[in-house]
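**Student:** A single structure is presented below for examination.
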Amino acid sequence: MTDRKNTPEKPPLKKGPARTKSMTAAEFAAVEPLLSISAERIKAARFCLVENFSYEAAANAIGLGWSRQAVGDCVRVVWKEFEKYQKSRAISSSNNAVPAGWEQVTLTAPSELVPQLYALIAAHSVGKSVTPVKEKKAPAAKTKKAATVRAEKEA
């Protein structure tokens, strides 16, 4: 016969939509720096997502008069950030077709330089090397003297 008082308490199993949401400790650790919520809220979400507590059990473990709805809000915030993290990882892993000698970068540049950058990349990708396009200066105002000199040269 087992002594129930000496056995560790297991948290109640999750119910409803919370059953489908779980992550590993490593995944949670990867998402944690991206969160802009308090340490208590992060802890509550960790109880549910990693430790498999129900919302109610997590609320009781945190204390502070938390409700299961408050814990559910924490889980929702963390889960949304986790989904964004997963999408960004999927995008970065799908860009494996980077040719040898090339690097993938994220660049922030003035919008007027972006067409020049695209032109440089396009030219380089077909084996051409081009120099950056220089801004054209506005044409000088035509004067009567310049028109006269040009007319004399043509004659």
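Letters A, B, ... go to the chains of the structure tokens in the order shown; residues in each chain start at 1; ligands are counted from 1 in the same order.
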Please provide as a list in words all residues within 8 Å of range 38-52 of chain A, with the sequence filter that same-chain residues fewer than 2 positions apart are discarded (counting only C-alpha atoms).
**Tutor:** Pro11, Leu13, Lys14, Lys21, Ser22, Met23, Thr24, Ala25, Phe28, Glu32, Ser36, Ser54, Tyr55, Ala58, Ala59, Ile62, Val71, Gly72, Cys74, Val75 and Val78 of chain A
**Student:** Could you tell me how far CA of His124 in chain A sits from CA of Ala100 in chain A, in Å to one decimal place?
**Tutor:**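 CA of His124 in chain A lies at a distance of 13.2 Å from CA of Ala100 in chain A.
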**Student:** Report, in Å to a single decimal, how far apart CA of Ile37 in chain A and CA of Arg76 in chain A are.
**Tutor:**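 Spanning CA of Arg76 in chain A to CA of Ile37 in chain A is a straight-line distance of 11.9 Å.
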